[in-house]
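K.L.:
I have a structure here, written as structure tokens, and I will follow up with some questions on it.
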Amino acid sequence: MITAELLTNLFNIETLIGLVVGVVGGMFIGALPGLGATMGIALLIPITFGMQPTAALIMLTALYTSAIYGGSITAILIHTPGTPASAATAMDGYALTRQGRGLQAVGISTFASMTGGTLSAVALLFIAPPLARISLMFNAPEYFLIAIFGLTIIGSLAGDNMLKGLIAGVAGLCISLIGFDITVGVARFTYRISELESGIQLVPALIGLFSLSQVLIQAENIEAIRRGEKTEINAKLEGRLLPTLKEIITALPNLIRSSIIGIFVGILPGAGGDIGGWLGYNEAKRWSKNKALFGKGSPEAIWASEAANNAVTGGAIIPLVTLGIPGSSAAAVLLGGLMIQGLTPGHTMFSDNANTTYAIILGFMFANILMGIIGFLIARRVAKVANAPTGILAPVIVVLSVVGAYAINLSYFDACVMAAFGLLGYFMRKTGFATAPVVLAIILGSMAEQGFKRAILMAKDENILAYYFGRPICVVLILLIILSLAAPLGLKALEKKMSKTPVAGADTDSDD
Amino acid sequence: MKKIAVVCLLLCTGVFLAFAGGSGESSSAAAFPAGKPITLICPWAPGGGSDIGARMVVPYMEKKLGTTINVTNPTGASGWVGWERLLAAPADGYTFAMINLPTIYPGYLDPSLGRSKTIDDFQMLANHVTDFCVIAIRADETRFTDLQSFIRYAKSNPVTMATTGVGTDDHILLQLFNAAAGTGITMVPGNGFKDSYAALLGKHVDAAAANVGEVLVPENNKELKTIAVFSQEASRLMPHVPVWNKLGIGGDIVISSQRAFACKKGTPPEIVKILAEALQEAITNQEQIAKMAEMGLDVDYMGPEDFAKHAKNEEERMKGMADVMGWKK
Amino acid sequence: MAGKRKINNDVYIGILLTALSGFLFYETSKIHPEAAQFPKVMIAAFIIMSVLLVFFGIRKTLNPALTLKSDTLLKFRVIRTPLIVFGVVVIYLALIRFTGFFIATFIFVPVFMIFYGVKSIRALILTDVLLNLFVYGLFVRLLKVMLP
């Protein structure tokens, strides 16, 4: 497998430059609101036209994983997820920052992202073909159930008011309805506005709900800001960056589980990449001995969501190179990058082009490690940015949010959507509605509906229930959903009997 | 103050990166475009098939016109967000767009969308790619192995066929096919070929309607077998696939997905001519044709008048499918 | 807050949401029946939950002990400034439409900063100029994104 040609492909100047540009550029692009991995790759593709295949693809894949990592930095420090995948980190990450432990959170995120990404690269290197075959076994019926499973996560994000959390979720589902219907092709709730025909875009809504609403919440303290007082975020940002060996070992089961979850989400094309972080978070909470801390600043949450969302990257590349089916939207753009370089997915990648392909995979693995190293080196300096006076930070965030929301589709409408969701997010947080369920529901809404409708078509004349139960994977998923719902209810009943621990989740004290 | 310094430092780094990567512009002596950059609107995601195709012709056009062409990708509304942008821009030739048939038609033929612009608002410049529709099955499928056995099977068993979406050429193909072959195949629409491919490979559907460009690679990978192509003559890129029209099973069906270029109607004729000629040179360039063929795309140049006529014919055909598509006022 | 019993916010919110979801449900009747299935189910759930919200809100009004902290955060004095900030953001967006992105940003940034009490002229200018340069350099030149 390791040939001389492979090594020359990998260790030449152009490739190494591509690697560094990808990692650093990715972190940067990921951190900016609005620009995410998908957009970053898309915008860099024209640059790859003149590059060598290995260098080009290593740059793009490095950018992919690094952007997902970069998104978490801003998510943690200023409650502004730079990419949708990092949204799950924002809650607990920012809570930690408010407690003065932001640096620690960034350190955890760096280590977790690095581990998740590298593990997924290992999977890509060694077990890609069997994983790809597994991914083919999942289709519409399974995706519907996965979406339902994802929706059950809303329960754990709801904060102190479960009903409001659910309402937020349903509202998100309704928002996901706007646009074209998949099976009939009719427009729903578009009111003759062109931009609505493709629905409310996720990223502008995300930026609005998380970033802009945060700016608005901070504005409540205008008196203190004007006096130049430091609010508690700015207070102390010192502390350990690197997790201690003990912490790493304790987190190891969490890391491995979350990485596996991430890889799995990655290989399933219909699951998209963005729910990886949420699923990792949810499972970490389920198995944690410290559930109450989730949502209020639990390091476990960061280990989980960051490992998972970076593990998605390698996972998404697996069906891409083996079958030509991208596992996430960013991977779909990578497909374009591959095609331009004359690399066609499938058998040829592992036979004729083996040297190039393996060089790319190894380069991707190195990228993850490099990302971790660079992350640790610059984290302290970057964290200081969050310490900048609110008077400077707030307008910068607003401007970048507007640009980010606009830049995705060159759409002024999207920028307005962002603003609208900013206001909505603010009022939601003031009235006890958690905002995370909305995001999750927007992502999962169309997945659920499409899965359901297409499953009915695929079942042909068979009764839909019989069809579902005839598919082993579906049965397993149904059991998981039932368990997932039943267990916490049972545990909660137990808890109530034993103590009066409050349930964790959304901002219960958002009057900063 | 120190914090401001840090923020500035980061911003400066960004600016530095930016200027390190800036591109140059060339000047020209021609009247149009006189060195001013031209915008090409490709209303599909960057890196996708249409986008790559559009970017393929850009370098050749740039050379001929002596200016830069910037490709922008405003996506949404099945292309109409981009097309509306073209129609909102001034008709001075500095903006043109890639248009896709038959994708463009439902956007205005569907009355519920309330769109007033139609194909008549576009000034055709050239057709680039004609990607004919095909029907494909799994290479290891045992229940049927060719078109005839497929039709036989479909007549006595429920069959599902994946398509790349509602209102696409695949959808139209299936409607026409069912009518011509006397079958009642159920459509399972997805969001593009990757959905169809995944569904077919995973044995969740029985067949897939797609295009030559999409099935070429899977067929070479021995994952799929193409059992029919819906063109007039055998496909240049897949010559072994039987042509429906030549099999005599049912009426003629010729259907494809086409990518072409157009600007806003009302653009001065001299400018139209310059753009059309530049496109002609780019599209008929042998090197470019070879590169497109590598990606499985068949370049099929059509000039402005020919293509405009063709587009109107296609529009008629689409109008005839209003019932099937569920368009009602 | 002593003396007169305050109606829990949830009641108002619940009523608002019920009205909204009811309207949406009516809207689904205009959609092609097959495409309307899913929306109808969703919106029906929405209506039911909104009504429940009103119900629980009434319960909390009658029994103040049940009020959660998150119910009490919406006070006018608290939200006044954020609303002003939002207004400024809206004006900024509108300005972008009319004067283009860079001019609008150029004007908006110092306004915002002054509002937040930044006194140093140097900081105002530096931030304004650098931010604009940064966005220009990154988005327009490097990434070729056309800003309005």
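By order of appearance in the structure tokens: chains A, B, ..., then residues from 1 within every chain, and ligands from 1 in the order shown.
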Starting from chain A, keep only residues with some atom at most 6 Å from an atom of chain C, counting only C-alpha atoms, and report them as an NGL selection string.

P.N.:
:A and (43 or 216 or 219-220 or 226 or 391 or 395 or 430-432 or 508)

K.L.:
Hey, which bits of chain B sit within 7 Å of chain A, and for each residue what's the closest pair of atoms and how far apart in Å (one decimal), counting only C-alpha atoms, rows by chain and increasing number, as CSV?

P.N.:
residue,atom,partner,partner_atom,distance
B:Lys3,CA,A:Ala388,CA,5.2
B:Ile4,CA,A:Ala388,CA,6.7
B:Val6,CA,A:Val385,CA,6.8
B:Val7,CA,A:Val385,CA,6.1
B:Pro46,CA,A:Ala42,CA,5.5
B:Gly47,CA,A:Gly336,CA,4.2
B:Gly48,CA,A:Gly336,CA,5.7
B:Asn73,CA,A:Asn409,CA,6.9
B:Pro74,CA,A:Asn409,CA,4.9
B:Thr75,CA,A:Asn409,CA,6.0
B:Gly76,CA,A:Ser198,CA,5.4
B:Ala77,CA,A:Glu197,CA,4.9
B:Val81,CA,A:Ser194,CA,6.3
B:Leu113,CA,A:Arg192,CA,5.7
B:Gly114,CA,A:Arg192,CA,6.0
B:Pro158,CA,A:Lys460,CA,6.4
B:Thr160,CA,A:Met458,CA,6.5
B:Val166,CA,A:Gly185,CA,5.5
B:Val188,CA,A:Leu457,CA,6.1
B:Pro189,CA,A:Thr183,CA,6.2
B:Lys194,CA,A:Ile325,CA,5.5
B:Ala198,CA,A:Leu136,CA,6.1
B:Ala199,CA,A:Asn139,CA,6.5
B:Leu201,CA,A:Leu136,CA,6.8
B:Gly202,CA,A:Leu136,CA,4.7
B:His204,CA,A:Met458,CA,6.7
B:Val205,CA,A:Met458,CA,6.4
B:Asn221,CA,A:His347,CA,6.1

K.L.:
For each of B:Asn100, B:Ser112, B:Thr95, B:Thr226, take the minimum atom-to-atom distance to chain C, counting only C-alpha atoms, then give the residue where this is smallest.

P.N.:
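Using only C-alpha atoms, chain C sits closest to B:Ser112.
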
K.L.:
Looking only at strand (DSSP E) from DSSP on the backbone, list the matching residues of region 104-222 of chain B as number ranges by chain.

P.N.:
B: 122-138, 160-163, 186-189, 207-211

K.L.:
What's around Asp170 (chain B) at 9 Å? Count only C-alpha atoms, leave out sequence neighbours fewer than 2 positions away in its own chain, and write the answer as a list in words.

P.N.:
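After dropping sequence-adjacent residues, the list is Cys133, Val134, Ala162, Thr163, Thr164, Gly165, Val166, Gly167, Thr168, Ile172, Leu173, Leu174, Gln175, Ala208, Ala209, Ala210, Asn211, Ile255, Ser256 and Ser257 of chain B.
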
K.L.:
Any chance you can output those residues with N, CA and C atoms as a compact mmCIF listing (two decimals), in the first residue's frame?

P.N.:
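Saved to result.txt:
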# COMPACT_ATOMS: atom_id res chain seq x y z
N CYS B 133 -31.85 11.07 -21.57
CA CYS B 133 -32.36 10.26 -20.47
C CYS B 133 -32.13 8.78 -20.73
N VAL B 134 -31.98 8.06 -19.67
CA VAL B 134 -31.81 6.61 -19.77
C VAL B 134 -32.61 5.95 -18.67
N ALA B 162 -36.80 5.16 -9.45
CA ALA B 162 -36.36 6.40 -8.81
C ALA B 162 -36.12 7.47 -9.87
N THR B 163 -36.48 8.70 -9.55
CA THR B 163 -36.16 9.81 -10.45
C THR B 163 -35.46 10.89 -9.65
N THR B 164 -34.88 11.85 -10.36
CA THR B 164 -34.10 12.86 -9.65
C THR B 164 -34.96 13.98 -9.10
N GLY B 165 -36.28 13.90 -9.29
CA GLY B 165 -37.12 14.93 -8.70
C GLY B 165 -38.40 15.11 -9.48
N VAL B 166 -39.31 15.88 -8.88
CA VAL B 166 -40.57 16.16 -9.54
C VAL B 166 -40.36 17.28 -10.54
N GLY B 167 -40.89 17.12 -11.75
CA GLY B 167 -40.73 18.19 -12.73
C GLY B 167 -39.43 18.10 -13.50
N THR B 168 -38.63 17.07 -13.24
CA THR B 168 -37.39 16.95 -13.99
C THR B 168 -37.63 16.14 -15.25
N ILE B 172 -40.69 13.38 -16.51
CA ILE B 172 -41.38 13.39 -17.80
C ILE B 172 -41.15 12.07 -18.51
N LEU B 173 -39.90 11.58 -18.46
CA LEU B 173 -39.59 10.32 -19.12
C LEU B 173 -40.50 9.21 -18.62
N LEU B 174 -40.63 9.14 -17.30
CA LEU B 174 -41.41 8.05 -16.73
C LEU B 174 -42.86 8.11 -17.20
N GLN B 175 -43.41 9.34 -17.24
CA GLN B 175 -44.79 9.48 -17.70
C GLN B 175 -44.91 8.98 -19.14
N ALA B 208 -34.01 2.98 -12.16
CA ALA B 208 -33.85 4.42 -12.01
C ALA B 208 -33.91 5.09 -13.36
N ALA B 209 -34.57 6.26 -13.40
CA ALA B 209 -34.54 7.09 -14.59
C ALA B 209 -33.47 8.14 -14.34
N ALA B 210 -32.61 8.31 -15.30
CA ALA B 210 -31.50 9.25 -15.08
C ALA B 210 -31.00 9.74 -16.43
N ASN B 211 -29.78 10.25 -16.43
CA ASN B 211 -29.20 10.74 -17.69
C ASN B 211 -27.87 10.05 -17.94
N ILE B 255 -35.98 12.44 -25.10
CA ILE B 255 -36.01 13.40 -24.00
C ILE B 255 -34.64 13.52 -23.37
N SER B 256 -34.31 14.73 -23.01
CA SER B 256 -32.98 14.97 -22.46
C SER B 256 -33.02 16.13 -21.50
N SER B 257 -31.92 16.28 -20.82
CA SER B 257 -31.74 17.44 -19.97
C SER B 257 -30.71 18.30 -20.66

K.L.:
At a cut-off of 7 Å, can you tabulate as a Markdown table every residue of chain C near chain B together with its closest atom pair and the distance in Å to one decimal, using only C-alpha atoms and ordering rows by chain then number?

P.N.:
| residue | atom | partner | partner_atom | distance |
| --- | --- | --- | --- | --- |
| C:Leu130 | CA | B:Leu11 | CA | 6.7 |
| C:Leu133 | CA | B:Val15 | CA | 6.9 |
| C:Phe134 | CA | B:Val15 | CA | 5.3 |
| C:Gly137 | CA | B:Ala18 | CA | 5.0 |
| C:Leu138 | CA | B:Ala18 | CA | 5.2 |
| C:Arg141 | CA | B:Gly22 | CA | 5.8 |
| C:Leu142 | CA | B:Ala18 | CA | 5.1 |

K.L.:
Taking all heavy atoms for each residue, export the selection above as a short mmCIF file (atom, residue, chain, number, x, y, z; two decimals), in the first residue's frame.

P.N.:
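Writing done, so here's selection13.cif:
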data_model
loop_
_atom_site.label_atom_id
_atom_site.label_comp_id
_atom_site.auth_asym_id
_atom_site.auth_seq_id
_atom_site.Cartn_x
_atom_site.Cartn_y
_atom_site.Cartn_z
N LEU C 130 -10.91 48.71 9.53
CA LEU C 130 -10.40 47.35 9.44
C LEU C 130 -11.49 46.35 9.12
O LEU C 130 -11.30 45.43 8.32
CB LEU C 130 -9.69 46.96 10.74
CG LEU C 130 -8.29 47.55 10.84
CD1 LEU C 130 -7.69 47.22 12.18
CD2 LEU C 130 -7.41 46.97 9.74
N LEU C 133 -12.32 46.65 5.48
CA LEU C 133 -11.22 46.09 4.68
C LEU C 133 -11.26 44.56 4.72
O LEU C 133 -11.08 43.88 3.71
CB LEU C 133 -9.88 46.56 5.23
CG LEU C 133 -9.30 47.83 4.60
CD1 LEU C 133 -7.98 48.16 5.27
CD2 LEU C 133 -9.10 47.62 3.11
N PHE C 134 -11.44 44.07 5.93
CA PHE C 134 -11.45 42.62 6.12
C PHE C 134 -12.54 41.97 5.28
O PHE C 134 -12.29 41.03 4.52
CB PHE C 134 -11.67 42.33 7.61
CG PHE C 134 -11.88 40.89 7.91
CD1 PHE C 134 -10.84 40.00 7.82
CD2 PHE C 134 -13.13 40.40 8.27
CE1 PHE C 134 -11.02 38.66 8.10
CE2 PHE C 134 -13.31 39.07 8.56
CZ PHE C 134 -12.26 38.20 8.47
N GLY C 137 -11.63 42.33 1.59
CA GLY C 137 -10.54 41.44 1.19
C GLY C 137 -10.97 39.99 1.13
O GLY C 137 -10.70 39.29 0.16
N LEU C 138 -11.65 39.55 2.15
CA LEU C 138 -12.00 38.13 2.21
C LEU C 138 -13.11 37.79 1.26
O LEU C 138 -13.01 36.89 0.44
CB LEU C 138 -12.39 37.77 3.65
CG LEU C 138 -12.70 36.29 3.84
CD1 LEU C 138 -11.47 35.47 3.60
CD2 LEU C 138 -13.21 36.04 5.24
N ARG C 141 -12.66 39.93 -2.79
CA ARG C 141 -11.50 39.58 -3.58
C ARG C 141 -11.21 38.09 -3.56
O ARG C 141 -11.15 37.44 -4.59
CB ARG C 141 -10.26 40.33 -3.05
CG ARG C 141 -10.29 41.83 -3.28
CD ARG C 141 -10.34 42.20 -4.75
NE ARG C 141 -9.25 41.59 -5.50
CZ ARG C 141 -8.02 42.10 -5.55
NH1 ARG C 141 -7.72 43.19 -4.89
NH2 ARG C 141 -7.10 41.51 -6.25
N LEU C 142 -11.05 37.55 -2.38
CA LEU C 142 -10.62 36.15 -2.32
C LEU C 142 -11.72 35.19 -2.71
O LEU C 142 -11.53 34.29 -3.51
CB LEU C 142 -10.11 35.82 -0.90
CG LEU C 142 -9.50 34.44 -0.75
CD1 LEU C 142 -8.27 34.32 -1.61
CD2 LEU C 142 -9.14 34.17 0.69
#

K.L.:
Could you tell me which of C:Phe98, C:Tyr136, C:Phe106, C:Phe55 comes closest to Thr18 (chain C) if we count only C-alpha atoms?

P.N.:
C:Phe55

K.L.:
Set the distance at 10 Å and use only C-alpha atoms: which residues neighbour Tyr94 (chain B) once local chain neighbours fewer than 2 positions away are removed? I'd like the list as a list in words.

P.N.:
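Listing them by chain and then by number gives Phe32, Pro33, Lys36, Pro37, Ile38, Thr39, Leu40, Ile69, Ala89, Pro90, Ala91, Asp92, Phe96, Cys263, Thr267, Ile271 and Leu275 of chain B.
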
K.L.:
Residues as selected, N, CA, C and O atoms, written as an mmCIF file, in the first residue's frame, can you do that?

P.N.:
data_model
loop_
_atom_site.group_PDB
_atom_site.id
_atom_site.type_symbol
_atom_site.label_atom_id
_atom_site.label_comp_id
_atom_site.auth_asym_id
_atom_site.auth_seq_id
_atom_site.Cartn_x
_atom_site.Cartn_y
_atom_site.Cartn_z
ATOM 1 N N PHE B 32 -17.390 45.800 -27.141
ATOM 2 C CA PHE B 32 -17.960 45.050 -26.020
ATOM 3 C C PHE B 32 -17.090 43.840 -25.845
ATOM 4 O O PHE B 32 -16.759 43.185 -26.820
ATOM 5 N N PRO B 33 -16.720 43.432 -24.720
ATOM 6 C CA PRO B 33 -17.072 43.999 -23.414
ATOM 7 C C PRO B 33 -16.125 45.074 -22.897
ATOM 8 O O PRO B 33 -16.265 45.510 -21.773
ATOM 9 N N LYS B 36 -14.534 45.223 -19.296
ATOM 10 C CA LYS B 36 -15.336 45.142 -18.077
ATOM 11 C C LYS B 36 -15.688 43.689 -17.791
ATOM 12 O O LYS B 36 -15.992 42.935 -18.711
ATOM 13 N N PRO B 37 -15.675 43.287 -16.534
ATOM 14 C CA PRO B 37 -15.991 41.885 -16.241
ATOM 15 C C PRO B 37 -17.455 41.561 -16.519
ATOM 16 O O PRO B 37 -18.331 42.401 -16.363
ATOM 17 N N ILE B 38 -17.657 40.316 -16.926
ATOM 18 C CA ILE B 38 -19.013 39.837 -17.206
ATOM 19 C C ILE B 38 -19.399 38.853 -16.110
ATOM 20 O O ILE B 38 -18.556 38.114 -15.614
ATOM 21 N N THR B 39 -20.665 38.853 -15.760
ATOM 22 C CA THR B 39 -21.134 37.920 -14.741
ATOM 23 C C THR B 39 -21.892 36.783 -15.390
ATOM 24 O O THR B 39 -22.778 36.994 -16.214
ATOM 25 N N LEU B 40 -21.524 35.560 -15.022
ATOM 26 C CA LEU B 40 -22.271 34.392 -15.478
ATOM 27 C C LEU B 40 -23.016 33.834 -14.277
ATOM 28 O O LEU B 40 -22.407 33.449 -13.287
ATOM 29 N N ILE B 69 -14.657 36.626 -16.589
ATOM 30 C CA ILE B 69 -16.041 36.232 -16.388
ATOM 31 C C ILE B 69 -16.154 35.691 -14.967
ATOM 32 O O ILE B 69 -15.459 34.747 -14.603
ATOM 33 N N ALA B 89 -31.507 42.238 -14.162
ATOM 34 C CA ALA B 89 -30.307 43.005 -14.503
ATOM 35 C C ALA B 89 -30.525 43.751 -15.816
ATOM 36 O O ALA B 89 -31.406 43.399 -16.587
ATOM 37 N N PRO B 90 -29.730 44.788 -16.068
ATOM 38 C CA PRO B 90 -29.900 45.507 -17.343
ATOM 39 C C PRO B 90 -29.541 44.616 -18.532
ATOM 40 O O PRO B 90 -28.673 43.753 -18.440
ATOM 41 N N ALA B 91 -30.229 44.836 -19.653
ATOM 42 C CA ALA B 91 -30.012 44.024 -20.854
ATOM 43 C C ALA B 91 -28.835 44.570 -21.659
ATOM 44 O O ALA B 91 -28.973 44.972 -22.802
ATOM 45 N N ASP B 92 -27.652 44.556 -21.003
ATOM 46 C CA ASP B 92 -26.494 45.144 -21.693
ATOM 47 C C ASP B 92 -25.429 44.117 -22.002
ATOM 48 O O ASP B 92 -24.336 44.458 -22.429
ATOM 49 N N PHE B 96 -25.063 37.165 -18.112
ATOM 50 C CA PHE B 96 -25.806 36.115 -18.802
ATOM 51 C C PHE B 96 -25.891 34.922 -17.857
ATOM 52 O O PHE B 96 -25.306 34.945 -16.773
ATOM 53 N N CYS B 263 -29.137 35.273 -22.384
ATOM 54 C CA CYS B 263 -29.099 36.570 -21.718
ATOM 55 C C CYS B 263 -30.507 37.144 -21.760
ATOM 56 O O CYS B 263 -31.434 36.485 -22.214
ATOM 57 N N THR B 267 -31.415 42.637 -25.220
ATOM 58 C CA THR B 267 -29.998 42.973 -25.356
ATOM 59 C C THR B 267 -29.718 43.326 -26.810
ATOM 60 O O THR B 267 -30.192 42.640 -27.714
ATOM 61 N N ILE B 271 -24.363 42.941 -29.488
ATOM 62 C CA ILE B 271 -23.788 42.330 -28.284
ATOM 63 C C ILE B 271 -24.163 40.857 -28.210
ATOM 64 O O ILE B 271 -23.339 40.000 -27.862
ATOM 65 N N LEU B 275 -21.521 37.703 -27.879
ATOM 66 C CA LEU B 275 -21.613 36.662 -26.850
ATOM 67 C C LEU B 275 -21.809 35.296 -27.492
ATOM 68 O O LEU B 275 -21.159 34.306 -27.135
#

K.L.:
What does the distance between CA of Ser120 (chain A) and CA of Ser72 (chain A) come to in Å, to one decimal place?

P.N.:
18.3 Å

K.L.:
Taking 2 positions as the minimum chain separation for residues in the same chain, which residues sit within 7 Å of Thr61 (chain C) when counting only C-alpha atoms? Answer as an MDAnalysis selection string.

P.N.:
chainID C and resid 6:8 57:59 63:64

K.L.:
Would you write out those residues with all heavy atoms, as an mmCIF file, in the first residue's frame?

P.N.:
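Okay, result-v1.cif is ready:
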data_model
loop_
_atom_site.group_PDB
_atom_site.id
_atom_site.type_symbol
_atom_site.label_atom_id
_atom_site.label_comp_id
_atom_site.auth_asym_id
_atom_site.auth_seq_id
_atom_site.Cartn_x
_atom_site.Cartn_y
_atom_site.Cartn_z
ATOM 1 N N LYS C 6 -50.794 38.623 38.905
ATOM 2 C CA LYS C 6 -50.338 38.859 37.533
ATOM 3 C C LYS C 6 -50.659 37.636 36.689
ATOM 4 O O LYS C 6 -50.389 36.513 37.072
ATOM 5 C CB LYS C 6 -48.826 39.083 37.559
ATOM 6 C CG LYS C 6 -48.245 39.430 36.209
ATOM 7 C CD LYS C 6 -46.773 39.724 36.320
ATOM 8 C CE LYS C 6 -46.218 40.289 35.035
ATOM 9 N NZ LYS C 6 -46.453 39.422 33.874
ATOM 10 N N ILE C 7 -51.249 37.898 35.553
ATOM 11 C CA ILE C 7 -51.535 36.777 34.653
ATOM 12 C C ILE C 7 -50.233 36.287 34.067
ATOM 13 O O ILE C 7 -49.458 37.069 33.525
ATOM 14 C CB ILE C 7 -52.470 37.216 33.510
ATOM 15 C CG1 ILE C 7 -53.772 37.733 34.081
ATOM 16 C CG2 ILE C 7 -52.719 36.061 32.562
ATOM 17 C CD1 ILE C 7 -54.785 38.094 33.037
ATOM 18 N N ASN C 8 -50.021 35.008 34.177
ATOM 19 C CA ASN C 8 -48.776 34.429 33.674
ATOM 20 C C ASN C 8 -48.646 34.704 32.166
ATOM 21 O O ASN C 8 -49.620 34.576 31.425
ATOM 22 C CB ASN C 8 -48.771 32.930 33.942
ATOM 23 C CG ASN C 8 -47.414 32.320 33.691
ATOM 24 O OD1 ASN C 8 -46.903 32.366 32.585
ATOM 25 N ND2 ASN C 8 -46.828 31.773 34.726
ATOM 26 N N GLY C 57 -50.726 27.987 31.570
ATOM 27 C CA GLY C 57 -50.520 29.366 31.981
ATOM 28 C C GLY C 57 -51.561 29.788 32.989
ATOM 29 O O GLY C 57 -51.272 30.453 33.984
ATOM 30 N N ILE C 58 -52.793 29.389 32.739
ATOM 31 C CA ILE C 58 -53.870 29.713 33.677
ATOM 32 C C ILE C 58 -53.601 29.045 35.012
ATOM 33 O O ILE C 58 -53.741 29.640 36.085
ATOM 34 C CB ILE C 58 -55.228 29.270 33.113
ATOM 35 C CG1 ILE C 58 -55.544 30.064 31.850
ATOM 36 C CG2 ILE C 58 -56.317 29.458 34.146
ATOM 37 C CD1 ILE C 58 -56.858 29.685 31.211
ATOM 38 N N ARG C 59 -53.158 27.820 34.933
ATOM 39 C CA ARG C 59 -52.853 27.086 36.176
ATOM 40 C C ARG C 59 -51.784 27.808 36.975
ATOM 41 O O ARG C 59 -51.863 27.930 38.190
ATOM 42 C CB ARG C 59 -52.389 25.673 35.829
ATOM 43 C CG ARG C 59 -52.911 24.633 36.789
ATOM 44 C CD ARG C 59 -52.509 23.262 36.365
ATOM 45 N NE ARG C 59 -51.076 23.053 36.604
ATOM 46 C CZ ARG C 59 -50.537 21.887 36.849
ATOM 47 N NH1 ARG C 59 -51.275 20.808 36.893
ATOM 48 N NH2 ARG C 59 -49.247 21.774 37.029
ATOM 49 N N ASN C 63 -51.895 29.530 40.636
ATOM 50 C CA ASN C 63 -51.028 28.963 41.654
ATOM 51 C C ASN C 63 -49.610 29.463 41.455
ATOM 52 O O ASN C 63 -48.787 28.763 40.875
ATOM 53 C CB ASN C 63 -51.068 27.427 41.548
ATOM 54 C CG ASN C 63 -50.340 26.776 42.710
ATOM 55 O OD1 ASN C 63 -49.702 27.450 43.520
ATOM 56 N ND2 ASN C 63 -50.445 25.467 42.800
ATOM 57 N N PRO C 64 -49.331 30.667 41.897
ATOM 58 C CA PRO C 64 -48.050 31.300 41.573
ATOM 59 C C PRO C 64 -46.828 30.485 41.954
ATOM 60 O O PRO C 64 -45.759 30.683 41.413
ATOM 61 C CB PRO C 64 -48.077 32.601 42.386
ATOM 62 C CG PRO C 64 -49.498 32.853 42.658
ATOM 63 C CD PRO C 64 -50.175 31.531 42.726
#

K.L.:
For a test of reading the model, state the distance in Å between CA of Leu200 (chain B) and CA of Arg317 (chain B), rounded to one decimal.

P.N.:
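If I compute the distance from CA of Leu200 (chain B) to CA of Arg317 (chain B), I get 28.8 Å.
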
K.L.:
Name the residues in contact with region 311-318 of chain A at a cut-off of 8 Å, using only C-alpha atoms, excluding same-chain residues fewer than 4 positions from it; report them as a ChimeraX atom specification.

P.N.:
/A:64-65,113,116-121,123-124,128-129,131-132,259-269,273,276,307,322,326-328,331

K.L.:
List the neighbours of Pro243 (chain A) out to 8 Å using only C-alpha atoms; skip same-chain residues closer than 5 positions along the sequence, and give me the result as an NGL selection string.

P.N.:
:A and (104 or 107-108 or 111 or 248)

K.L.:
Selected residues, N, CA and C atoms, written as a compact mmCIF listing (two decimals), in the first residue's frame, please.

P.N.:
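Writing done, so here's result_28.txt:
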# COMPACT_ATOMS: atom_id res chain seq x y z
N GLN A 104 -10.82 26.27 28.84
CA GLN A 104 -10.88 24.82 29.04
C GLN A 104 -11.79 24.18 28.00
N GLY A 107 -10.09 23.97 24.75
CA GLY A 107 -9.11 22.88 24.79
C GLY A 107 -9.76 21.53 24.57
N ILE A 108 -10.88 21.32 25.26
CA ILE A 108 -11.60 20.05 25.09
C ILE A 108 -12.05 19.91 23.65
N PHE A 111 -9.15 18.96 21.34
CA PHE A 111 -8.73 17.56 21.46
C PHE A 111 -9.79 16.63 20.89
N ILE A 248 -8.55 13.16 29.98
CA ILE A 248 -8.67 12.49 28.70
C ILE A 248 -9.10 11.04 28.90

K.L.:
Could you give me the residues within region 127-318 of chain B that DSSP places in helix (DSSP H, G or I), as an MDAnalysis selection string?

P.N.:
chainID B and resid 147:156 169:181 193:201 212:220 244:247 269:284 286:294 304:318

K.L.:
Which value, in Å to one decimal, gives the distance between CA of Ile185 (chain B) and CA of His171 (chain B)?

P.N.:
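Going from CA of Ile185 (chain B) over to CA of His171 (chain B), I get 11.4 Å.
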
K.L.:
In terms of the shortest atom-to-atom distance over only C-alpha atoms, which of A:Val399, A:Ala95, A:Leu483, A:Cys416 is closest to Gly295 (chain A)?

P.N.:
A:Ala95
